[in-house]
$ cat input25.tsv   # TSV, C-alpha atoms and all ligand atoms
chain	number	residue	atom	x	y	z
C	537	MET	CA	27.91	18.44	-31.13
C	538	GLN	CA	27.16	16.63	-27.86
C	539	PRO	CA	27.50	18.79	-24.74
C	540	ALA	CA	30.50	17.95	-22.58
C	541	LEU	CA	28.43	17.08	-19.50
C	542	PRO	CA	25.18	15.12	-19.21
C	543	VAL	CA	22.29	17.60	-19.33
C	544	LEU	CA	19.67	17.66	-16.59
C	545	TYR	CA	16.36	19.35	-17.35
C	546	SER	CA	14.98	20.31	-13.99
C	547	PHE	CA	12.52	22.49	-12.13
C	548	ARG	CA	13.73	23.83	-8.82
C	549	ARG	CA	10.64	23.12	-6.69
C	550	CYS	CA	9.59	19.83	-8.30
C	551	PRO	CA	9.96	17.04	-5.74
C	552	TYR	CA	10.95	14.53	-8.42
C	553	ALA	CA	13.63	16.88	-9.70
C	554	ILE	CA	14.86	17.56	-6.15
C	555	ARG	CA	15.23	13.81	-5.67
C	556	ALA	CA	17.33	13.55	-8.83
C	557	ARG	CA	19.51	16.54	-7.91
C	558	LEU	CA	20.14	15.11	-4.42
C	559	GLY	CA	21.34	11.87	-6.00
C	560	LEU	CA	23.64	13.67	-8.43
C	561	LEU	CA	25.10	15.76	-5.59
C	562	SER	CA	25.66	12.80	-3.29
C	563	ALA	CA	27.31	10.91	-6.14
C	564	GLY	CA	29.44	13.91	-7.04
C	565	VAL	CA	28.39	13.59	-10.68
C	566	ALA	CA	28.58	16.88	-12.56
C	567	VAL	CA	25.84	17.79	-15.01
C	568	GLU	CA	24.75	20.82	-16.96
C	569	LEU	CA	21.60	22.07	-15.22
C	570	ARG	CA	18.86	23.49	-17.39
C	571	GLU	CA	16.07	25.06	-15.34
C	572	VAL	CA	12.77	24.65	-17.17
C	573	ASP	CA	9.72	26.87	-17.18
C	574	LEU	CA	6.99	24.20	-17.10
C	575	LYS	CA	4.59	26.56	-18.87
C	576	ARG	CA	7.05	27.07	-21.74
C	577	LYS	CA	8.94	23.82	-22.08
C	578	PRO	CA	11.90	24.05	-24.44
C	579	ALA	CA	11.79	22.11	-27.71
C	580	GLU	CA	15.00	20.33	-26.65
C	581	LEU	CA	13.15	18.77	-23.69
C	582	LEU	CA	10.08	17.84	-25.76
C	583	ALA	CA	12.34	16.13	-28.28
C	584	LEU	CA	13.92	13.99	-25.57
C	585	SER	CA	10.80	13.04	-23.62
C	586	PRO	CA	7.31	12.73	-25.11
C	587	ALA	CA	5.87	12.83	-21.57
C	588	ALA	CA	7.68	16.15	-21.15
C	589	THR	CA	7.99	15.84	-17.39
C	590	VAL	CA	11.03	16.86	-15.38
C	591	PRO	CA	13.56	15.69	-14.43
C	592	VAL	CA	15.11	14.37	-17.64
C	593	LEU	CA	18.78	13.46	-17.88
C	594	ASN	CA	20.35	13.37	-21.34
C	595	LEU	CA	23.45	11.23	-21.13
C	596	GLY	CA	24.24	11.66	-24.82
C	597	ALA	CA	24.59	9.00	-27.51
C	598	GLY	CA	20.83	8.48	-27.46
C	599	LYS	CA	20.67	7.55	-23.76
C	600	VAL	CA	17.99	9.50	-21.91
C	601	LEU	CA	16.58	8.93	-18.41
C	602	VAL	CA	13.07	10.31	-17.97
C	603	HIS	CA	12.22	9.15	-14.43
C	604	SER	CA	13.59	10.61	-11.24
C	605	LEU	CA	14.27	7.23	-9.63
C	606	ASP	CA	16.25	6.13	-12.70
C	607	ILE	CA	18.35	9.29	-12.48
C	608	LEU	CA	18.89	8.82	-8.73
C	609	ARG	CA	19.96	5.19	-9.24
C	610	TRP	CA	22.12	5.95	-12.27
C	611	ALA	CA	23.98	8.68	-10.35
C	612	LEU	CA	24.66	6.39	-7.39
C	613	GLN	CA	25.79	3.61	-9.71
C	614	GLN	CA	28.51	5.97	-11.00
C	615	HIS	CA	29.78	6.80	-7.46
C	616	ASP	CA	28.26	6.15	-4.09
C	617	PRO	CA	30.63	7.71	-1.56
C	618	GLU	CA	27.97	7.96	1.15
C	619	GLY	CA	26.63	4.45	0.64
C	620	TRP	CA	23.15	5.61	-0.38
C	621	LEU	CA	22.48	2.36	-2.22
C	622	GLY	CA	22.71	0.36	1.01
C	623	ALA	CA	19.53	0.59	3.08
C	624	VAL	CA	19.52	-1.62	6.16
C	625	ASN	CA	15.96	-2.72	5.27
C	626	GLU	CA	15.75	-2.55	1.49
C	627	PRO	CA	12.18	-3.95	1.20
C	628	LEU	CA	10.92	-1.24	3.56
C	629	ALA	CA	12.85	1.42	1.63
C	630	GLN	CA	11.32	0.19	-1.64
C	631	GLN	CA	7.85	0.10	-0.10
C	632	LEU	CA	8.07	3.66	1.27
C	633	VAL	CA	9.25	5.01	-2.08
C	634	HIS	CA	6.55	3.11	-3.96
C	635	THR	CA	3.88	4.47	-1.61
C	636	THR	CA	5.29	7.97	-1.98
C	637	ASP	CA	5.00	7.83	-5.76
C	638	THR	CA	1.51	6.30	-5.81
C	639	ASP	CA	-0.98	6.70	-2.94
C	640	PHE	CA	0.85	9.42	-1.04
C	641	LYS	CA	1.28	11.60	-4.12
C	642	ARG	CA	-2.42	11.19	-4.88
C	643	TRP	CA	-3.55	12.19	-1.37
C	644	LEU	CA	-0.94	14.94	-1.13
C	645	ASP	CA	-2.26	16.59	-4.30
C	646	ARG	CA	-5.81	16.47	-2.96
C	647	TYR	CA	-4.73	17.86	0.41
C	648	LYS	CA	-2.71	20.63	-1.28
C	649	TYR	CA	-5.45	21.62	-3.68
C	650	ALA	CA	-8.45	20.67	-1.51
C	651	GLU	CA	-10.63	23.36	-3.12
C	652	ARG	CA	-10.40	21.41	-6.38
C	653	PHE	CA	-11.52	18.18	-4.68
C	654	PRO	CA	-14.53	19.28	-2.63
C	655	GLU	CA	-15.94	15.76	-2.18
C	656	ARG	CA	-13.82	15.52	0.97
C	657	SER	CA	-12.27	18.02	3.36
C	658	ALA	CA	-8.58	18.88	3.42
C	659	ALA	CA	-8.31	17.16	6.81
C	660	GLU	CA	-9.76	13.96	5.35
C	661	TRP	CA	-7.32	13.96	2.41
C	662	ARG	CA	-4.54	14.63	4.90
C	663	ALA	CA	-5.64	11.67	7.04
C	664	ASP	CA	-5.32	9.39	4.00
C	665	ALA	CA	-1.83	10.72	3.33
C	666	VAL	CA	-0.88	10.14	6.96
C	667	ARG	CA	-2.22	6.59	6.97
C	668	CYS	CA	-0.40	5.46	3.86
C	669	LEU	CA	3.03	7.05	4.39
C	670	ILE	CA	3.49	9.24	7.45
C	671	ASP	CA	2.37	6.56	9.94
C	672	PRO	CA	4.73	3.82	8.68
C	673	LEU	CA	7.53	6.36	8.23
C	674	GLU	CA	7.09	7.60	11.80
C	675	ALA	CA	7.05	4.03	13.15
C	676	TRP	CA	10.41	3.37	11.48
C	677	LEU	CA	12.00	6.74	12.30
C	678	VAL	CA	11.17	6.38	15.99
C	679	GLN	CA	13.63	3.47	15.97
C	680	HIS	CA	16.15	4.59	13.31
C	681	PRO	CA	17.59	7.98	12.41
C	682	HIS	CA	17.00	7.51	8.68
C	683	ILE	CA	15.01	5.35	6.30
C	684	GLY	CA	18.38	3.82	5.40
C	685	GLY	CA	18.97	2.91	9.07
C	686	ALA	CA	21.98	4.46	10.77
C	687	ARG	CA	22.65	6.60	7.70
C	688	ARG	CA	20.74	8.12	4.82
C	689	CYS	CA	20.01	6.07	1.76
C	690	TRP	CA	18.52	6.60	-1.69
C	691	ALA	CA	15.01	6.19	-0.25
C	692	ASP	CA	15.50	9.05	2.23
C	693	ALA	CA	16.35	11.28	-0.73
C	694	ALA	CA	13.42	9.95	-2.74
C	695	VAL	CA	10.78	10.37	-0.02
C	696	PHE	CA	11.94	13.57	1.67
C	697	PRO	CA	10.94	16.11	-1.05
C	698	PHE	CA	7.35	14.86	-0.91
C	699	VAL	CA	7.15	14.95	2.90
C	700	ARG	CA	8.55	18.48	2.66
C	701	GLN	CA	5.57	19.44	0.50
C	702	PHE	CA	3.17	17.67	2.83
C	703	ALA	CA	4.51	19.51	5.90
C	704	ALA	CA	4.33	22.87	4.12
C	705	VAL	CA	0.62	22.63	3.26
C	706	ASP	CA	-0.28	23.54	6.83
C	707	ALA	CA	2.91	24.32	8.72
C	708	ALA	CA	1.04	25.19	11.92
C	709	TRP	CA	-0.65	21.77	11.96
C	710	TRP	CA	2.62	19.99	11.14
C	711	ALA	CA	4.49	21.79	13.95
C	712	THR	CA	2.47	19.99	16.63
C	713	ALA	CA	1.25	16.89	14.79
C	714	PRO	CA	2.12	13.62	16.58
C	715	PHE	CA	5.04	12.79	14.27
C	716	SER	CA	8.07	14.05	16.16
C	717	ALA	CA	10.49	11.53	14.61
C	718	THR	CA	9.43	12.43	11.08
C	719	ARG	CA	9.61	16.13	11.99
C	720	ARG	CA	13.17	15.64	13.26
C	721	TRP	CA	14.11	13.70	10.08
C	722	LEU	CA	12.53	16.36	7.84
C	723	GLY	CA	14.27	19.15	9.77
C	724	GLU	CA	17.66	17.48	9.33
C	725	TRP	CA	17.09	17.25	5.59
C	726	LEU	CA	15.98	20.87	5.35
C	727	ASP	CA	19.12	21.98	7.21
C	728	SER	CA	21.45	19.71	5.26
C	729	THR	CA	24.26	20.93	3.04
C	730	VAL	CA	23.16	18.69	0.21
C	731	PHE	CA	19.63	20.12	0.21
C	732	GLY	CA	21.00	23.68	0.26
C	733	ALA	CA	23.14	22.85	-2.74
C	734	ALA	CA	20.23	21.14	-4.52
C	735	MET	CA	18.05	24.24	-4.13
C	736	GLN	CA	20.46	26.82	-5.54
C	737	LYS	CA	18.59	29.23	-7.79
C	738	VAL	CA	19.48	29.29	-11.46
C	739	PRO	CA	17.86	31.31	-14.23
C	740	VAL	CA	15.48	29.58	-16.62
C	741	TRP	CA	17.51	28.04	-19.44
C	742	VAL	CA	17.25	29.44	-22.94
C	743	PRO	CA	19.02	27.94	-25.96
C	744	GLY	CA	22.48	29.41	-26.31
C	745	ALA	CA	22.77	30.38	-22.64
C	746	PRO	CA	26.16	29.63	-21.09
C	747	PRO	CA	26.10	26.14	-19.50
C	748	HIS	CA	25.36	26.08	-15.78
C	749	ALA	CA	27.48	23.34	-14.19
C	750	PHE	CA	25.84	21.57	-11.27
C	751	GLY	CA	27.40	18.92	-9.07
C	752	PRO	CA	30.57	18.65	-7.00
C	753	LEU	CA	31.47	22.32	-7.38
C	754	ALA	CA	27.95	23.47	-6.45
C	755	ALA	CA	28.05	21.34	-3.31
C	756	GLN	CA	31.38	22.84	-2.21
C	757	ALA	CA	29.85	26.30	-2.16
C	758	PHE	CA	27.64	25.34	0.82
C	801	LIG	N1	7.55	9.83	-13.15
C	801	LIG	C1	8.19	11.13	-13.27
C	801	LIG	C2	7.23	12.23	-12.81
C	801	LIG	C3	7.82	13.61	-12.88
C	801	LIG	C4	6.75	14.70	-12.82
C	801	LIG	O1	5.55	14.42	-12.82
C	801	LIG	N2	7.21	15.97	-12.77
C	801	LIG	C5	6.27	17.08	-12.84
C	801	LIG	C6	6.78	18.31	-12.12
C	801	LIG	S1	6.84	18.12	-10.36
C	801	LIG	C7	6.11	17.50	-14.29
C	801	LIG	O2	7.08	17.60	-15.00
C	801	LIG	N3	4.87	17.72	-14.72
C	801	LIG	C8	4.61	18.11	-16.08
C	801	LIG	C9	4.04	19.46	-16.19
C	801	LIG	O3	3.84	20.13	-15.17
C	801	LIG	O4	3.78	19.87	-17.32
C	801	LIG	C10	9.48	11.09	-12.48
C	801	LIG	O5	9.60	10.30	-11.52
C	801	LIG	O6	10.41	11.80	-12.83

$ encode --input "input25.tsv" --output "structure tokens" --more "lines below"
Ligand SMILES: N[C@@H](CCC(=O)N[C@@H](CS)C(=O)NCC(=O)O)C(=O)O
Amino acid sequence: MQPALPVLYSFRRCPYAIRARLGLLSAGVAVELREVDLKRKPAELLALSPAATVPVLNLGAGKVLVHSLDILRWALQQHDPEGWLGAVNEPLAQQLVHTTDTDFKRWLDRYKYAERFPERSAAEWRADAVRCLIDPLEAWLVQHPHIGGARRCWADAAVFPFVRQFAAVDAAWWATAPFSATRRWLGEWLDSTVFGAAMQKVPVWVPGAPPHAFGPLAAQAF
């Protein structure tokens, strides 16, 4: 029997999964949330996605989305009450998201786990991350409140969880780094209702557990 709601396999702290959950919340699309232990992935997830990454959204009838951006876009195509699909500068939005998922992610991982990449110092990895994403982001955010322009868009939701990780690597450095517009933008996201709702804690899913609904109702609680 197909579950009544689409099923989202997710991991609370994963920036890709956060991106997907933000999209679902903004769209007001309800899903069943299954929190995954990445060290003990459930067979149900492995059967849906050979790559076995999260997030994965099972829409039923054989339709499965295995990339966070596809889930974000799919959600907003169902409903887009906050106009997240309309960035004022779509090419820039696309570019920032592309950089986030490629070069920035690469440098972020090296900065975060610098002891595993001793060929350069943490500060050097961080400088690469700054050059590719934080510098252009700051230049835009000095002029505009959001990546979307006057209001948030899909790209804000897609980029923010990764900048959150970047800022957290060395919070003392970030607090005084010369990126006040990006700091303001990050702070607004961290304080936002939608982020609070996206980060609600749920127990790790086990087969047969009662379904945990996530979506419009979860957002109302915040
Ligand atoms: N391209 C995927 C990447 C997702 C991804 O890499 N997620 C990480 C967690 S943050 C993961 O599931 N890694 C597999 C693992 O840790 O076993 C997407 O955009 O959804």

$ axis_aligned_box --input "input25.tsv" --around "range 744-754 of chain C" --padding-each-side "3 Å" --output "JSON"
{"center_x": 27.0, "center_y": 24.5, "center_z": -16.4, "size_x": 15.0, "size_y": 17.7, "size_z": 25.9}

$ atom_distance --input "input25.tsv" --atom1 "CA of Cys689 in chain C" --atom2 "CA of Lys648 in chain C"
27.2 Å

$ closest_atom_pairs --input "input25.tsv" --of "chain C" --to "ligand LIG 801 (chain C)" --cutoff "8 Å" --atoms "only C-alpha atoms and all ligand atoms" --output "Markdown table"
| residue | atom | partner | partner_atom | distance |
| --- | --- | --- | --- | --- |
| C:Phe547 | CA | C:LIG801 | C6 | 7.1 |
| C:Arg549 | CA | C:LIG801 | S1 | 7.3 |
| C:Cys550 | CA | C:LIG801 | S1 | 3.8 |
| C:Pro551 | CA | C:LIG801 | S1 | 5.7 |
| C:Tyr552 | CA | C:LIG801 | O6 | 5.2 |
| C:Ala553 | CA | C:LIG801 | O6 | 6.8 |
| C:Leu574 | CA | C:LIG801 | O4 | 5.4 |
| C:Lys575 | CA | C:LIG801 | O4 | 6.9 |
| C:Ala587 | CA | C:LIG801 | C8 | 7.7 |
| C:Ala588 | CA | C:LIG801 | C8 | 6.2 |
| C:Thr589 | CA | C:LIG801 | O2 | 3.1 |
| C:Val590 | CA | C:LIG801 | O2 | 4.0 |
| C:Pro591 | CA | C:LIG801 | O6 | 5.3 |
| C:Val592 | CA | C:LIG801 | O6 | 7.2 |
| C:Val602 | CA | C:LIG801 | O6 | 6.0 |
| C:His603 | CA | C:LIG801 | O6 | 3.6 |
| C:Ser604 | CA | C:LIG801 | O6 | 3.7 |
| C:Leu605 | CA | C:LIG801 | O5 | 5.9 |
| C:Asp606 | CA | C:LIG801 | O5 | 7.9 |
| C:Asp637 | CA | C:LIG801 | O5 | 7.8 |

$ closest_residue --input "input25.tsv" --among "C:Phe750, C:Trp690, C:Trp741, C:Trp676" --to "Arg576 in chain C" --atoms "all atoms listed in the file"
C:Trp741

$ closest_residue --input "input25.tsv" --among "C:Gly751, C:Gly564, C:Pro586, C:Gly732" --to "Val543 in chain C" --atoms "all atoms listed in the file"
C:Gly751

$ closest_residue --input "input25.tsv" --among "C:Asp664, C:Ala693, C:Tyr545, C:Thr729" --to "Trp620 in chain C" --atoms "all atoms listed in the file"
C:Ala693

$ residues_around --input "input25.tsv" --residues "Thr635 in chain C" --least-positions-apart "5" --cutoff "9 Å" --atoms "only C-alpha atoms" --output "list in words"
Gln630, Phe640, Lys641, Cys668 and Leu669 of chain C

$ residues_around --input "input25.tsv" --residues "Leu608 in chain C" --least-positions-apart "3" --cutoff "8 Å" --atoms "only C-alpha atoms" --output "list in words"
Arg555, Ala556, Arg557, Leu558, Gly559, Leu560, Ser604, Leu605, Ala611, Leu612 and Trp690 of chain C

$ write_last_selection --input "input25.tsv" --atoms "C-alpha atoms" --output "PDB file, in the coordinates of the input"
ATOM      1  CA  ARG C 555      15.230  13.810  -5.670  1.00  0.00           C
ATOM      2  CA  ALA C 556      17.330  13.550  -8.830  1.00  0.00           C
ATOM      3  CA  ARG C 557      19.510  16.540  -7.910  1.00  0.00           C
ATOM      4  CA  LEU C 558      20.140  15.110  -4.420  1.00  0.00           C
ATOM      5  CA  GLY C 559      21.340  11.870  -6.000  1.00  0.00           C
ATOM      6  CA  LEU C 560      23.640  13.670  -8.430  1.00  0.00           C
ATOM      7  CA  SER C 604      13.590  10.610 -11.240  1.00  0.00           C
ATOM      8  CA  LEU C 605      14.270   7.230  -9.630  1.00  0.00           C
ATOM      9  CA  ALA C 611      23.980   8.680 -10.350  1.00  0.00           C
ATOM     10  CA  LEU C 612      24.660   6.390  -7.390  1.00  0.00           C
ATOM     11  CA  TRP C 690      18.520   6.600  -1.690  1.00  0.00           C
TER      12      TRP C 690
END

$ closest_residue --input "input25.tsv" --among "C:Thr636, C:His615, C:Leu569, C:Arg656" --to "Pro697 in chain C" --atoms "only C-alpha atoms"
C:Thr636

$ atom_distance --input "input25.tsv" --atom1 "CA of Asn625 in chain C" --atom2 "CA of Gln679 in chain C"
12.6 Å

$ closest_atom_pairs --input "input25.tsv" --of "range 608-690 of chain C" --to "range 706-719 of chain C" --cutoff "6 Å" --atoms "all atoms listed in the file" --output "CSV"
residue,atom,partner,partner_atom,distance
C:Glu674,CA,C:Thr718,CA,5.4
C:Leu677,CA,C:Ala717,CA,5.5
C:Val678,CA,C:Ala717,CA,5.4

$ closest_residue --input "input25.tsv" --among "C:Glu626, C:Arg687, C:Val705, C:Asp616" --to "Ala650 in chain C" --atoms "all atoms listed in the file"
C:Val705

$ closest_residue --input "input25.tsv" --among "C:Ala734, C:Glu724, C:Leu632, C:Ala663" --to "Ala675 in chain C" --atoms "all atoms listed in the file"
C:Leu632

$ residues_near_point --input "input25.tsv" --point "(18.8, 11.5, -20.0)" --cutoff "8 Å" --atoms "all atoms listed in the file" --output "PDB file with C-alpha atoms, in the coordinates of the input"
ATOM      1  CA  PRO C 542      25.180  15.120 -19.210  1.00  0.00           C
ATOM      2  CA  VAL C 543      22.290  17.600 -19.330  1.00  0.00           C
ATOM      3  CA  LEU C 544      19.670  17.660 -16.590  1.00  0.00           C
ATOM      4  CA  LEU C 584      13.920  13.990 -25.570  1.00  0.00           C
ATOM      5  CA  VAL C 592      15.110  14.370 -17.640  1.00  0.00           C
ATOM      6  CA  LEU C 593      18.780  13.460 -17.880  1.00  0.00           C
ATOM      7  CA  ASN C 594      20.350  13.370 -21.340  1.00  0.00           C
ATOM      8  CA  LEU C 595      23.450  11.230 -21.130  1.00  0.00           C
ATOM      9  CA  GLY C 596      24.240  11.660 -24.820  1.00  0.00           C
ATOM     10  CA  LYS C 599      20.670   7.550 -23.760  1.00  0.00           C
ATOM     11  CA  VAL C 600      17.990   9.500 -21.910  1.00  0.00           C
ATOM     12  CA  LEU C 601      16.580   8.930 -18.410  1.00  0.00           C
ATOM     13  CA  VAL C 602      13.070  10.310 -17.970  1.00  0.00           C
ATOM     14  CA  ILE C 607      18.350   9.290 -12.480  1.00  0.00           C
TER      15      ILE C 607
END

$ atom_distance --input "input25.tsv" --atom1 "CA of Ala665 in chain C" --atom2 "CA of Gly622 in chain C"
26.7 Å

$ residues_around --input "input25.tsv" --residues "range 681-684 of chain C" --least-positions-apart "4" --cutoff "7 Å" --atoms "all atoms listed in the file" --output "ChimeraX atom specification"
/C:623-625,629,677,688-689,691-692,721

$ decode --input "input25.tsv" --residues "range 618-635 of chain C" --atoms "C-alpha atoms" --output "JSON list (two decimals), in the first residue's frame"
[["chain", "number", "residue", "atom", "x", "y", "z"],
["C", 618, "GLU", "CA", 6.05, 33.38, -1.02],
["C", 619, "GLY", "CA", 7.20, 33.68, -4.63],
["C", 620, "TRP", "CA", 10.43, 31.74, -4.05],
["C", 621, "LEU", "CA", 10.66, 30.83, -7.73],
["C", 622, "GLY", "CA", 11.03, 34.48, -8.73],
["C", 623, "ALA", "CA", 14.56, 35.79, -8.16],
["C", 624, "VAL", "CA", 15.13, 39.32, -9.42],
["C", 625, "ASN", "CA", 18.42, 38.16, -10.99],
["C", 626, "GLU", "CA", 17.90, 34.51, -11.89],
["C", 627, "PRO", "CA", 21.31, 34.00, -13.58],
["C", 628, "LEU", "CA", 23.06, 35.20, -10.42],
["C", 629, "ALA", "CA", 20.84, 32.97, -8.26],
["C", 630, "GLN", "CA", 21.68, 29.98, -10.47],
["C", 631, "GLN", "CA", 25.39, 30.82, -10.38],
["C", 632, "LEU", "CA", 25.50, 31.12, -6.58],
["C", 633, "VAL", "CA", 23.72, 27.79, -6.14],
["C", 634, "HIS", "CA", 25.96, 26.09, -8.67],
["C", 635, "THR", "CA", 29.06, 27.42, -6.92]]
